[in-house]
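Novice: Structure provided below as structure tokens; questions to follow.
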Amino acid sequence: MATYFLRRILLMFPTFLGSTVLVFIILQLAPGGPIEQTIMQLQMGGMAGTEGGGGSAGVAGSTVGSLPPEALKELERFYGFDKPIYQRYLIWLGVWPREIKHRDLTIPSDKKIIEKRVGKRDGQIWKVDIRSAEDSNLSVYEKDGTLSPIWKASVDEIAEDGTRKAVIFQQEFSGLLTGNLGKSYTYLQPVTEVMKPRFKISLLFGLSGIFISYLICIPLGIRKALSHGSVFDFGSSVAIFICYSIPGWALGGVLLVLFGGGSFFDVFPLGGFRSPSEIWDTLTPFQRFIDQVHHMILPVIAWTIGSFATMTVLMKNSLMENLSQDYVRTAFAKGLTEKRVVWLHAMRNSLIPIASGIGHILGVVIAGSYFIERMFNIDGFGRLAYEAILSRDYPITLGFLVIVVLLRLIGNIISDLALATVDPRIRFK
């Protein structure tokens, strides 16, 4: 079985690469990318200035409407669209060097060496020489005559008179494999710093929801199986299927109206992950725990209501099927008590379908729910990903993809492990 799981782990790598390649290409080719959105915002700003009146506003609007080639080139460089799509993916992955700290320069046709200031080093002005070779390639040299190990140079455009527009830059290997997911276009912060607090929120709600679902649904399914056809079985079936038919976000809205201080009861807060910081900072640890639970009750109910019917019915049907098996009748014929037969023999086999789906539930729930987070004004992981897709914030979108794909792949392995633990007949080879 160890060989099987080793193969499964090794298969995670091509699966992960295939998923990221597919989504990366779709994002890069989708219309309305970050460059188009930036240009649109500039044009809308120019139109707003024109409507405000004044002669200078009209000039600004016309300038924005026809974006200069230099500005468009800078936008493409900032968003990484100055490279082929395969290079962009390899740069994001971290196996192709990323260009940073660009410095533009113009080289006249009659010059072979040009000096360029690139910043400061050791408190002094740092200058380098850019030399042109016979094949028009550029090399960067330090002032002591040695080839610079830090700066590189390339020609972007050659004019008709021989003037060359060039750029010097530094290179670094920085991407997914080095732990760098890039910088968010919207928040202008590293993706990991933007996602970390929001992932913790979704992780807390997701794990709480999974725990409550198993804590309620498994005993309820057992009780329904043992009292099949009774009034309790019928009434609970009606209740859970009514809950199953209501979307979680819709139930969240109803709960807020009923218990959020609207026209009915003022029991729970209207939303938010916890109380505002000016209140939260003044609370004791125990008061913070109570405050956190108070804010989590309604969102967790909305988060988990959809899985109640599926898990309860699955547990009930699985237990009823095992109770009708020959080994159960044999156990009764040997004189074993009902409690021992149900809880020791039938129960373990009945948990097999539940165990096989634990990995899938883990990946789906922890990823967050945009609608529920939006309904309760929770700044969680799902809401962040949805807004990143709408705003074409590619670094956050790809970071979300990395986490979701890894959760799903790890969840599948967890499901296999749980299945092998519950069912001794299963031995993966």
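We name chains A, B, ... following the order of the structure tokens; residues begin at 1 in each chain, and ligands are numbered from 1 as shown.
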Please return, as a VMD selection string, all residues of region 114-208 of chain A that DSSP assigns to strand (DSSP E) on the basis of the backbone.
Specialist: chain A and resid 114 to 121 124 to 132 138 to 141 151 to 158 164 to 172
Novice: May I have the selected residues written with C-alpha atoms, as a PDB file, in the first residue's frame?
Specialist:
```pdb
ATOM      1  CA  ILE A 114      27.113  54.636 -23.206  1.00  0.00           C
ATOM      2  CA  GLU A 115      27.130  55.360 -19.494  1.00  0.00           C
ATOM      3  CA  LYS A 116      24.024  54.804 -17.382  1.00  0.00           C
ATOM      4  CA  ARG A 117      23.272  55.560 -13.747  1.00  0.00           C
ATOM      5  CA  VAL A 118      21.470  52.600 -12.189  1.00  0.00           C
ATOM      6  CA  GLY A 119      21.120  53.699  -8.561  1.00  0.00           C
ATOM      7  CA  LYS A 120      23.289  53.716  -5.469  1.00  0.00           C
ATOM      8  CA  ARG A 121      25.626  51.135  -3.987  1.00  0.00           C
ATOM      9  CA  GLN A 124      27.647  56.112  -3.689  1.00  0.00           C
ATOM     10  CA  ILE A 125      26.207  56.670  -7.138  1.00  0.00           C
ATOM     11  CA  TRP A 126      26.297  53.451  -9.149  1.00  0.00           C
ATOM     12  CA  LYS A 127      27.094  53.819 -12.848  1.00  0.00           C
ATOM     13  CA  VAL A 128      27.691  51.160 -15.480  1.00  0.00           C
ATOM     14  CA  ASP A 129      28.805  51.112 -19.128  1.00  0.00           C
ATOM     15  CA  ILE A 130      26.632  49.519 -21.806  1.00  0.00           C
ATOM     16  CA  ARG A 131      28.732  48.326 -24.715  1.00  0.00           C
ATOM     17  CA  SER A 132      27.501  47.262 -28.123  1.00  0.00           C
ATOM     18  CA  LEU A 138      24.554  44.596 -25.524  1.00  0.00           C
ATOM     19  CA  SER A 139      26.781  43.873 -22.556  1.00  0.00           C
ATOM     20  CA  VAL A 140      26.930  45.686 -19.227  1.00  0.00           C
ATOM     21  CA  TYR A 141      30.294  46.428 -17.605  1.00  0.00           C
ATOM     22  CA  TRP A 151      22.900  43.848 -14.772  1.00  0.00           C
ATOM     23  CA  LYS A 152      21.823  42.598 -18.193  1.00  0.00           C
ATOM     24  CA  ALA A 153      20.827  44.576 -21.275  1.00  0.00           C
ATOM     25  CA  SER A 154      18.730  44.040 -24.378  1.00  0.00           C
ATOM     26  CA  VAL A 155      17.562  46.062 -27.374  1.00  0.00           C
ATOM     27  CA  ASP A 156      13.838  46.710 -27.565  1.00  0.00           C
ATOM     28  CA  GLU A 157      13.592  48.697 -30.786  1.00  0.00           C
ATOM     29  CA  ILE A 158      15.842  49.973 -33.563  1.00  0.00           C
ATOM     30  CA  ARG A 164      18.420  51.879 -30.444  1.00  0.00           C
ATOM     31  CA  LYS A 165      15.978  51.902 -27.564  1.00  0.00           C
ATOM     32  CA  ALA A 166      17.332  49.527 -24.973  1.00  0.00           C
ATOM     33  CA  VAL A 167      16.705  48.478 -21.390  1.00  0.00           C
ATOM     34  CA  ILE A 168      19.005  47.205 -18.671  1.00  0.00           C
ATOM     35  CA  PHE A 169      17.651  45.054 -15.883  1.00  0.00           C
ATOM     36  CA  GLN A 170      18.446  42.543 -13.175  1.00  0.00           C
ATOM     37  CA  GLN A 171      17.321  38.926 -13.156  1.00  0.00           C
ATOM     38  CA  GLU A 172      16.171  36.651 -10.366  1.00  0.00           C
TER      39      GLU A 172
END
```
Novice: Go through region 142-305 of chain A and collect every residue that DSSP, computed from the backbone, puts in alpha helix (DSSP H); the answer should be as an MDAnalysis selection string.
Specialist: chainID A and resid 191:226 231:245 248:259 277:280 285:305
Novice: Report as a compact mmCIF listing (two decimals) with C-alpha atoms, in the first residue's frame all protein, DNA and RNA residues lying within 10 Å of region 28-31 of chain A, evaluated on only C-alpha atoms, omitting residues in the same chain fewer than 3 positions from it.
Specialist:
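Once everything was written out, this is result_26.txt:
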```
# COMPACT_ATOMS: atom_id res chain seq x y z
CA VAL A 23 -6.01 27.97 -16.13
CA PHE A 24 -2.96 30.15 -16.81
CA ILE A 25 -3.53 30.04 -20.57
CA PRO A 34 -5.43 44.15 -16.54
CA GLU A 36 -7.41 46.85 -20.89
CA GLN A 37 -8.93 47.62 -17.50
CA PHE A 81 2.75 40.89 -21.18
CA ILE A 85 2.95 33.21 -22.85
CA ARG A 88 5.19 34.07 -18.47
CA TYR A 89 4.14 30.68 -17.15
CA ARG A 392 -8.38 40.32 -13.50
CA TYR A 394 -3.99 37.32 -12.05
```
Novice: Do a neighbour search on region 338-343 of chain A at 9 Å with only C-alpha atoms, toss out local chain neighbours closer than 4 positions, and write the hits as a list in words.
Specialist: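 The neighbour list is Leu319, Leu323, Val328, Ala331, Phe332, Met347 and Arg348 of chain A.
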Novice: Would you mind exporting C-alpha atoms of the selected residues as a PDB file, in the first residue's frame?
Specialist:
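As written to disk, again.pdb reads:
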```pdb
ATOM      1  CA  LEU A 319     -26.319   1.360   7.764  1.00  0.00           C
ATOM      2  CA  LEU A 323     -28.016  -4.426   8.716  1.00  0.00           C
ATOM      3  CA  VAL A 328     -25.352  -9.262  10.751  1.00  0.00           C
ATOM      4  CA  ALA A 331     -24.140 -12.199  14.624  1.00  0.00           C
ATOM      5  CA  PHE A 332     -27.694 -12.035  15.947  1.00  0.00           C
ATOM      6  CA  MET A 347     -21.151   0.617  11.969  1.00  0.00           C
ATOM      7  CA  ARG A 348     -17.600   0.263  10.686  1.00  0.00           C
TER       8      ARG A 348
END
```
Novice: Just the residues within 8 Å of Ile372 (chain A), please, counting only C-alpha atoms, with nothing from its chain fewer than 5 positions along; format it as a ChimeraX atom specification.
Specialist: /A:248-249,252,299,302-303
Novice: How close does each residue of region 326-419 of chain A get to region 253-273 of chain A, giving the shortest atom pair and distance in Å to one decimal for every residue with an atom at most 9 Å away, counting only C-alpha atoms, sorted by chain and residue number, as JSON lines?
Specialist:
```
{"residue": "A:Ile372", "atom": "CA", "partner": "A:Gly253", "partner_atom": "CA", "distance": 8.9}
{"residue": "A:Glu373", "atom": "CA", "partner": "A:Gly272", "partner_atom": "CA", "distance": 8.9}
{"residue": "A:Met375", "atom": "CA", "partner": "A:Gly253", "partner_atom": "CA", "distance": 6.7}
{"residue": "A:Phe376", "atom": "CA", "partner": "A:Gly271", "partner_atom": "CA", "distance": 4.4}
{"residue": "A:Asn377", "atom": "CA", "partner": "A:Gly272", "partner_atom": "CA", "distance": 5.2}
{"residue": "A:Ile378", "atom": "CA", "partner": "A:Gly272", "partner_atom": "CA", "distance": 5.1}
{"residue": "A:Asp379", "atom": "CA", "partner": "A:Phe273", "partner_atom": "CA", "distance": 7.6}
{"residue": "A:Gly380", "atom": "CA", "partner": "A:Phe273", "partner_atom": "CA", "distance": 8.8}
```
Novice: Looking at only C-alpha atoms, which of A:Asp104, A:Glu99, A:Asp281, A:Asp144 is the one that sits closest to Glu70 (chain A)?
Specialist: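 Of A:Asp104, A:Glu99, A:Asp281, A:Asp144, the one nearest Glu70 (chain A), counting only C-alpha atoms, is A:Asp104.
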Novice: Excluding same-chain residues fewer than 3 positions from region 202-218 of chain A, what lies within 10 Å of it counting only C-alpha atoms, as a ChimeraX atom specification?
Specialist: /A:197-199,221-224,273,296-297,299-316,351,354,358,361-369,373,378-383
Novice: Which value, in Å to one decimal, gives the distance between CA of Val231 (chain A) and CA of Thr330 (chain A)?
Specialist: 29.5 Å
Novice: Could you check which of A:Ser237, A:Ser19, A:Asn137, A:Ser350 is closest to Asn317 (chain A), using only C-alpha atoms?
Specialist: A:Ser350
Novice: Could you give me, as JSON, numbers by chain, the residues within 12 Å of Ile410 (chain A), counting only C-alpha atoms and dropping anything in the same chain fewer than 4 positions from it?
Specialist: {"A": [5, 8, 9, 10, 11, 12, 13, 15, 16, 358, 359, 360, 361, 362, 363, 403, 404, 405, 406, 414, 415, 416, 417]}
Novice: In Å, rounded to a single decimal, give me how far CA of Pro219 (chain A) is from CA of Ala418 (chain A).
Specialist: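 If I compute the distance from CA of Ala418 (chain A) to CA of Pro219 (chain A), I get 19.0 Å.
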Novice: Which residue gives the smallest distance to Ile201 (chain A) among A:Ser148, A:Gln292, A:Asn322, A:Ser174, with only C-alpha atoms counted?
Specialist: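 Looking at the shortest contact to Ile201 (chain A), the residue is A:Gln292.
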